[in-house]
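The file structure.cif contains mmCIF, C-alpha atoms:
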data_coords
#
loop_
_atom_site.label_atom_id
_atom_site.label_comp_id
_atom_site.auth_asym_id
_atom_site.auth_seq_id
_atom_site.Cartn_x
_atom_site.Cartn_y
_atom_site.Cartn_z
CA MET U 1115 -18.20 12.48 -6.75
CA ARG U 1116 -18.54 9.33 -8.87
CA PHE U 1117 -21.35 8.00 -6.66
CA GLU U 1118 -23.63 10.07 -4.43
CA LYS U 1119 -23.77 7.14 -2.05
CA HIS U 1120 -21.27 4.31 -2.02
CA VAL U 1121 -22.17 1.48 0.33
CA PHE U 1122 -19.60 -1.08 1.48
CA ILE U 1123 -21.03 -4.17 3.15
CA CYS U 1124 -18.73 -6.44 5.10
CA THR U 1125 -18.74 -10.03 3.87
CA ASN U 1126 -15.57 -11.07 5.67
CA GLN U 1127 -15.46 -14.72 6.71
CA ARG U 1128 -13.21 -16.15 9.38
CA ALA U 1129 -12.01 -19.69 9.84
CA PRO U 1130 -14.05 -21.93 12.15
CA GLY U 1131 -13.10 -21.33 15.78
CA GLU U 1132 -12.22 -17.67 15.25
CA ARG U 1133 -14.58 -14.93 16.37
CA LYS U 1134 -17.85 -14.53 14.49
CA SER U 1135 -17.66 -12.53 11.28
CA CYS U 1136 -20.18 -10.52 9.29
CA GLY U 1137 -19.86 -12.90 6.34
CA GLU U 1138 -20.62 -15.86 8.52
CA ALA U 1139 -23.80 -14.09 9.61
CA HIS U 1140 -25.65 -12.83 6.53
CA GLY U 1141 -23.31 -10.30 4.90
CA LEU U 1142 -23.76 -11.74 1.42
CA GLU U 1143 -27.53 -11.76 1.73
CA LEU U 1144 -27.36 -8.07 2.62
CA VAL U 1145 -25.25 -7.33 -0.46
CA LYS U 1146 -27.70 -9.12 -2.75
CA LEU U 1147 -30.71 -7.31 -1.32
CA PHE U 1148 -29.04 -3.89 -1.39
CA LYS U 1149 -28.09 -4.41 -5.04
CA LYS U 1150 -31.59 -5.56 -5.93
CA LEU U 1151 -33.35 -2.64 -4.22
CA VAL U 1152 -30.94 -0.03 -5.61
CA LYS U 1153 -31.65 -1.40 -9.10
CA ASP U 1154 -35.40 -1.78 -8.58
CA LYS U 1155 -35.68 1.82 -7.38
CA GLY U 1156 -33.71 3.11 -10.38
CA LEU U 1157 -30.90 4.47 -8.21
CA SER U 1158 -28.03 2.66 -9.94
CA THR U 1159 -26.52 5.74 -11.58
CA ASP U 1160 -25.94 7.53 -8.29
CA VAL U 1161 -25.74 4.72 -5.75
CA ARG U 1162 -23.45 1.71 -5.59
CA ALA U 1163 -23.74 -1.05 -2.98
CA GLN U 1164 -21.03 -3.68 -2.93
CA LYS U 1165 -19.16 -6.12 -0.80
CA SER U 1166 -16.02 -5.32 1.13
CA GLY U 1167 -13.56 -6.94 3.48
CA CYS U 1168 -13.59 -6.38 7.24
CA LEU U 1169 -14.65 -2.85 8.21
CA ASP U 1170 -13.13 -3.15 11.69
CA ALA U 1171 -16.58 -3.08 13.28
CA CYS U 1172 -16.91 -6.82 13.92
CA GLU U 1173 -18.33 -6.42 17.42
CA PHE U 1174 -21.23 -4.45 15.95
CA GLY U 1175 -21.72 -6.68 12.90
CA PRO U 1176 -23.19 -7.41 10.49
CA SER U 1177 -21.90 -3.97 9.54
CA LEU U 1178 -21.73 -1.64 6.57
CA VAL U 1179 -20.65 1.92 5.85
CA VAL U 1180 -22.15 4.59 3.61
CA TYR U 1181 -19.76 7.12 2.06
CA PRO U 1182 -19.09 10.01 1.54
CA GLU U 1183 -20.75 10.69 4.89
CA GLY U 1184 -18.99 7.81 6.62
CA ILE U 1185 -22.00 6.54 8.52
CA PHE U 1186 -21.54 3.01 9.86
CA TYR U 1187 -24.51 0.77 10.47
CA GLY U 1188 -24.42 -2.24 12.79
CA SER U 1189 -26.52 -5.30 13.64
CA VAL U 1190 -28.12 -4.93 10.24
CA GLU U 1191 -30.79 -7.49 9.52
CA VAL U 1192 -32.13 -8.39 6.09
CA SER U 1193 -35.40 -6.81 7.20
CA ASP U 1194 -33.62 -3.45 7.73
CA VAL U 1195 -32.31 -3.08 4.18
CA GLU U 1196 -35.39 -1.57 2.58
CA GLU U 1197 -35.51 1.16 5.24
CA ILE U 1198 -31.82 2.03 4.74
CA VAL U 1199 -32.22 2.15 0.96
CA THR U 1200 -35.40 4.24 1.02
CA GLU U 1201 -34.57 6.53 3.90
CA HIS U 1202 -30.82 7.01 3.63
CA LEU U 1203 -29.78 6.21 0.06
CA GLU U 1204 -32.85 7.65 -1.63
CA HIS U 1205 -33.89 10.45 0.72
CA ASN U 1206 -30.66 11.21 2.58
CA ARG U 1207 -32.12 10.52 6.03
CA PRO U 1208 -29.83 8.16 7.94
CA VAL U 1209 -31.58 5.45 9.95
CA GLN U 1210 -30.46 6.56 13.38
CA ARG U 1211 -31.55 3.45 15.27
CA LEU U 1212 -28.95 1.39 13.37
CA VAL U 1213 -26.07 3.88 13.33
CA ILE U 1214 -23.05 2.54 15.24
CA ASP U 1215 -21.90 4.61 18.19
CA PHE U 1216 -18.21 3.68 18.38
CA ASN U 1217 -17.94 5.25 21.81
CA LYS U 1218 -20.22 2.56 23.17
CA VAL U 1219 -18.77 -0.88 23.60
CA LYS U 1220 -21.34 -3.47 22.69
CA PRO U 1221 -21.83 -6.00 25.49
CA THR U 1222 -20.55 -9.45 24.60
CA GLU U 1223 -23.42 -11.72 23.67
CA MET G 312 -15.79 10.40 10.91
CA ARG G 313 -14.53 7.02 12.11
CA PHE G 314 -11.53 7.17 9.74
CA GLU G 315 -10.02 10.31 8.25
CA LYS G 316 -9.15 8.26 5.18
CA HIS G 317 -10.76 4.96 4.30
CA VAL G 318 -9.21 3.21 1.32
CA PHE G 319 -11.00 0.44 -0.55
CA ILE G 320 -8.83 -1.58 -2.92
CA CYS G 321 -10.48 -3.82 -5.47
CA THR G 322 -9.43 -7.44 -5.25
CA ASN G 323 -12.24 -8.80 -7.37
CA GLN G 324 -11.40 -11.93 -9.34
CA ARG G 325 -13.24 -13.17 -12.37
CA ALA G 326 -13.46 -16.64 -13.79
CA PRO G 327 -10.95 -17.55 -16.53
CA GLY G 328 -12.17 -16.31 -19.90
CA GLU G 329 -14.03 -13.31 -18.47
CA ARG G 330 -12.55 -9.82 -18.73
CA LYS G 331 -9.46 -9.03 -16.71
CA SER G 332 -10.07 -8.09 -13.09
CA CYS G 333 -8.11 -6.07 -10.53
CA GLY G 334 -7.66 -9.13 -8.34
CA GLU G 335 -6.18 -11.08 -11.19
CA ALA G 336 -3.66 -8.29 -11.63
CA HIS G 337 -2.12 -7.40 -8.26
CA GLY G 338 -5.02 -6.15 -6.14
CA LEU G 339 -4.04 -8.28 -3.14
CA GLU G 340 -0.43 -7.16 -3.29
CA LEU G 341 -1.65 -3.57 -3.19
CA VAL G 342 -3.77 -4.28 -0.11
CA LYS G 343 -0.84 -5.85 1.73
CA LEU G 344 1.50 -2.98 0.94
CA PHE G 345 -1.05 -0.29 1.85
CA LYS G 346 -1.68 -2.01 5.20
CA LYS G 347 2.03 -2.32 5.89
CA LEU G 348 2.84 1.31 5.07
CA VAL G 349 -0.14 2.69 7.00
CA LYS G 350 1.03 0.72 10.03
CA ASP G 351 4.72 1.54 9.59
CA LYS G 352 3.94 5.25 9.37
CA GLY G 353 1.80 5.11 12.53
CA LEU G 354 -1.35 6.16 10.67
CA SER G 355 -3.53 3.23 11.75
CA THR G 356 -5.77 5.23 14.09
CA ASP G 357 -6.97 7.59 11.37
CA VAL G 358 -6.45 5.60 8.20
CA ARG G 359 -7.82 2.23 7.14
CA ALA G 360 -6.86 0.45 3.91
CA GLN G 361 -8.73 -2.72 3.05
CA LYS G 362 -9.93 -4.95 0.30
CA SER G 363 -13.22 -4.56 -1.46
CA GLY G 364 -15.23 -6.13 -4.23
CA CYS G 365 -15.51 -4.62 -7.71
CA LEU G 366 -15.51 -0.81 -7.68
CA ASP G 367 -17.00 -0.59 -11.18
CA ALA G 368 -13.79 0.86 -12.55
CA CYS G 369 -12.45 -2.32 -14.15
CA GLU G 370 -11.33 -0.65 -17.37
CA PHE G 371 -9.04 1.60 -15.31
CA GLY G 372 -7.83 -1.13 -12.94
CA PRO G 373 -6.13 -2.04 -10.75
CA SER G 374 -8.29 0.52 -8.98
CA LEU G 375 -8.99 1.85 -5.51
CA VAL G 376 -11.00 4.64 -3.93
CA VAL G 377 -10.21 6.95 -1.01
CA TYR G 378 -13.15 8.19 1.06
CA PRO G 379 -14.56 10.54 2.30
CA GLU G 380 -13.30 12.53 -0.68
CA GLY G 381 -14.26 9.83 -3.17
CA ILE G 382 -11.09 9.98 -5.24
CA PHE G 383 -10.60 6.96 -7.47
CA TYR G 384 -7.13 5.87 -8.54
CA GLY G 385 -6.47 3.68 -11.55
CA SER G 386 -3.64 1.66 -13.11
CA VAL G 387 -2.08 1.56 -9.68
CA GLU G 388 1.22 -0.27 -9.56
CA VAL G 389 2.88 -1.63 -6.43
CA SER G 390 5.54 1.03 -6.96
CA ASP G 391 2.87 3.78 -6.66
CA VAL G 392 1.66 2.83 -3.19
CA GLU G 393 4.25 4.66 -1.12
CA GLU G 394 3.51 7.91 -2.97
CA ILE G 395 -0.26 7.57 -2.40
CA VAL G 396 0.23 6.80 1.29
CA THR G 397 2.69 9.62 1.91
CA GLU G 398 1.15 12.27 -0.30
CA HIS G 399 -2.56 11.60 -0.06
CA LEU G 400 -3.20 9.64 3.13
CA GLU G 401 -0.60 11.36 5.26
CA HIS G 402 -0.45 14.88 3.76
CA ASN G 403 -3.83 15.15 2.05
CA ARG G 404 -2.38 15.83 -1.39
CA PRO G 405 -4.02 13.53 -3.94
CA VAL G 406 -1.65 12.03 -6.53
CA GLN G 407 -3.15 13.64 -9.61
CA ARG G 408 -1.32 11.56 -12.21
CA LEU G 409 -3.17 8.45 -11.00
CA VAL G 410 -6.62 9.93 -10.41
CA ILE G 411 -9.21 8.37 -12.72
CA ASP G 412 -11.01 10.75 -15.06
CA PHE G 413 -14.29 8.92 -15.63
CA ASN G 414 -15.12 11.21 -18.54
CA LYS G 415 -12.25 9.73 -20.47
CA VAL G 416 -12.66 6.28 -21.90
CA LYS G 417 -9.43 4.37 -21.62
CA PRO G 418 -8.32 2.99 -24.98
CA THR G 419 -8.52 -0.79 -25.15
CA GLU G 420 -5.10 -2.33 -24.72
#
Render the structure in this file as structure tokens.
Amino acid sequence: MRFEKHVFICTNQRAPGERKSCGEAHGLELVKLFKKLVKDKGLSTDVRAQKSGCLDACEFGPSLVVYPEGIFYGSVEVSDVEEIVTEHLEHNRPVQRLVIDFNKVKPTE
Amino acid sequence: MRFEKHVFICTNQRAPGERKSCGEAHGLELVKLFKKLVKDKGLSTDVRAQKSGCLDACEFGPSLVVYPEGIFYGSVEVSDVEEIVTEHLEHNRPVQRLVIDFNKVKPTE
């Protein structure tokens, strides 16, 4: 495995008038903070966090996925990033409260 | 696992004068063709192909990665896409001739 953890963070942006997108929320801020914390914690050799297009989890966004385990996180706030990096990326303990349950349809806000 | 195969195709573009990027080559064309073939073959429920930012495999680009197995492909041409979709995504047989060996440094062209 090239990376022990490879994190893809949606930064997709839609045109005005279309449904809300992760990029329109704070996708890019999440990418910047993930990259900074991965570097600051000296995890860069084994962990890569980067931007991606739409992860098909818009209704749960802002969203991201961690591979190889394929765990999707939703409604991720900037204030959640440190916990995901420390708990999941560093210590392999997924942050259950943010894991998307795709069997549950999120109520429209 | 939300997707049996999740394909991330680099479409990163650099400013003129910087080193060549996958997006500058034909990253977006690859994304379009992957999406079309996945749909045409009726694989959309289990397979997702999408664009991503830089995969840190620029010297082997145009590049993409298939998760959860974490197999990186490099020097992918538009003419290679059907083989990757049929062999790897549909029948779970990675296309070895295109798999990146990160222990090998690609000679500068």
Pick out the chain G residues within 7 Å of chain U. Count all atoms listed in the file. Give them as a PyMOL selection string. chain G and resi 312+361-364+378-381
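Going from atom CA of Glu329 of chain G over to atom CA of Leu375 of chain G, you cover 20.6 Å.
Residues with any atom within 9 Å of segment 1195-1208 of chain U, counting all atoms listed in the file and excluding same-chain neighbours fewer than 3 positions away, are Glu1118, Lys1119, His1120, Val1121, Leu1144, Leu1147, Phe1148, Leu1151, Val1152, Lys1155, Leu1157, Val1161, Val1180, Ile1185, Val1190, Glu1191, Val1192, Arg1211, Leu1212 and Val1213 of chain U.
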Please put the answer as AutoDock Vina command-line options: centre and edge lengths, in Å with one decimal, of a box along x, y and z that encloses all listed atoms of segment 1156-1174 of chain U plus 6 Å on each side.
--center_x -23.4 --center_y 0.3 --center_z 2.9 --size_x 32.6 --size_y 26.5 --size_z 41.0
With all atoms listed in the file as the basis for distance, which of U:Gly1156, U:Gly1141, U:Gln1127, U:Lys1149 is at the shortest distance from Gly1188 of chain U?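 Looking at the shortest contact to Gly1188 of chain U, the residue is U:Gly1141.
Between atom CA of Gln1210 of chain U and atom CA of Ser1193 of chain U the separation is 15.5 Å.
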Could you tell me how far atom CA of Gly1175 of chain U sits from atom CA of Lys343 of chain G, in Å to one decimal place? 23.7 Å
Since the input is missing atoms, can you rebuild N, CA and C atoms for segment 390-407 of chain G and write them as an mmCIF file, in the frame of the given file?
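Result file follows (result39.cif):
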data_model
loop_
_atom_site.group_PDB
_atom_site.id
_atom_site.type_symbol
_atom_site.label_atom_id
_atom_site.label_comp_id
_atom_site.auth_asym_id
_atom_site.auth_seq_id
_atom_site.Cartn_x
_atom_site.Cartn_y
_atom_site.Cartn_z
ATOM 1 N N SER G 390 4.559 -0.052 -7.143
ATOM 2 C CA SER G 390 5.540 1.030 -6.960
ATOM 3 C C SER G 390 4.890 2.400 -6.731
ATOM 4 N N ASP G 391 3.573 2.502 -6.896
ATOM 5 C CA ASP G 391 2.870 3.780 -6.660
ATOM 6 C C ASP G 391 2.373 3.922 -5.221
ATOM 7 N N VAL G 392 2.368 2.831 -4.475
ATOM 8 C CA VAL G 392 1.660 2.830 -3.190
ATOM 9 C C VAL G 392 2.295 3.798 -2.183
ATOM 10 N N GLU G 393 3.609 3.788 -2.115
ATOM 11 C CA GLU G 393 4.250 4.660 -1.120
ATOM 12 C C GLU G 393 3.892 6.129 -1.379
ATOM 13 N N GLU G 394 3.855 6.518 -2.645
ATOM 14 C CA GLU G 394 3.510 7.910 -2.970
ATOM 15 C C GLU G 394 2.071 8.237 -2.544
ATOM 16 N N ILE G 395 1.146 7.315 -2.794
ATOM 17 C CA ILE G 395 -0.260 7.570 -2.400
ATOM 18 C C ILE G 395 -0.373 7.665 -0.885
ATOM 19 N N VAL G 396 0.311 6.778 -0.181
ATOM 20 C CA VAL G 396 0.230 6.800 1.290
ATOM 21 C C VAL G 396 0.829 8.100 1.832
ATOM 22 N N THR G 397 2.020 8.430 1.375
ATOM 23 C CA THR G 397 2.690 9.620 1.910
ATOM 24 C C THR G 397 1.987 10.899 1.488
ATOM 25 N N GLU G 398 1.722 11.012 0.201
ATOM 26 C CA GLU G 398 1.150 12.270 -0.300
ATOM 27 C C GLU G 398 -0.315 12.431 0.089
ATOM 28 N N HIS G 399 -1.114 11.454 -0.256
ATOM 29 C CA HIS G 399 -2.560 11.600 -0.060
ATOM 30 C C HIS G 399 -3.002 11.271 1.370
ATOM 31 N N LEU G 400 -2.652 10.068 1.834
ATOM 32 C CA LEU G 400 -3.200 9.640 3.130
ATOM 33 C C LEU G 400 -2.563 10.400 4.290
ATOM 34 N N GLU G 401 -1.279 10.681 4.157
ATOM 35 C CA GLU G 401 -0.600 11.360 5.260
ATOM 36 C C GLU G 401 -0.717 12.886 5.131
ATOM 37 N N HIS G 402 -0.521 13.415 3.916
ATOM 38 C CA HIS G 402 -0.450 14.880 3.760
ATOM 39 C C HIS G 402 -1.615 15.478 2.972
ATOM 40 N N ASN G 403 -2.611 14.633 2.666
ATOM 41 C CA ASN G 403 -3.830 15.150 2.050
ATOM 42 C C ASN G 403 -3.617 15.821 0.693
ATOM 43 N N ARG G 404 -2.631 15.302 -0.051
ATOM 44 C CA ARG G 404 -2.380 15.830 -1.390
ATOM 45 C C ARG G 404 -2.570 14.699 -2.399
ATOM 46 N N PRO G 405 -3.759 14.611 -3.000
ATOM 47 C CA PRO G 405 -4.020 13.530 -3.940
ATOM 48 C C PRO G 405 -2.955 13.461 -5.061
ATOM 49 N N VAL G 406 -2.664 12.248 -5.489
ATOM 50 C CA VAL G 406 -1.650 12.030 -6.530
ATOM 51 C C VAL G 406 -2.348 12.140 -7.892
ATOM 52 N N GLN G 407 -2.324 13.338 -8.434
ATOM 53 C CA GLN G 407 -3.150 13.640 -9.610
ATOM 54 C C GLN G 407 -2.886 12.740 -10.806
#
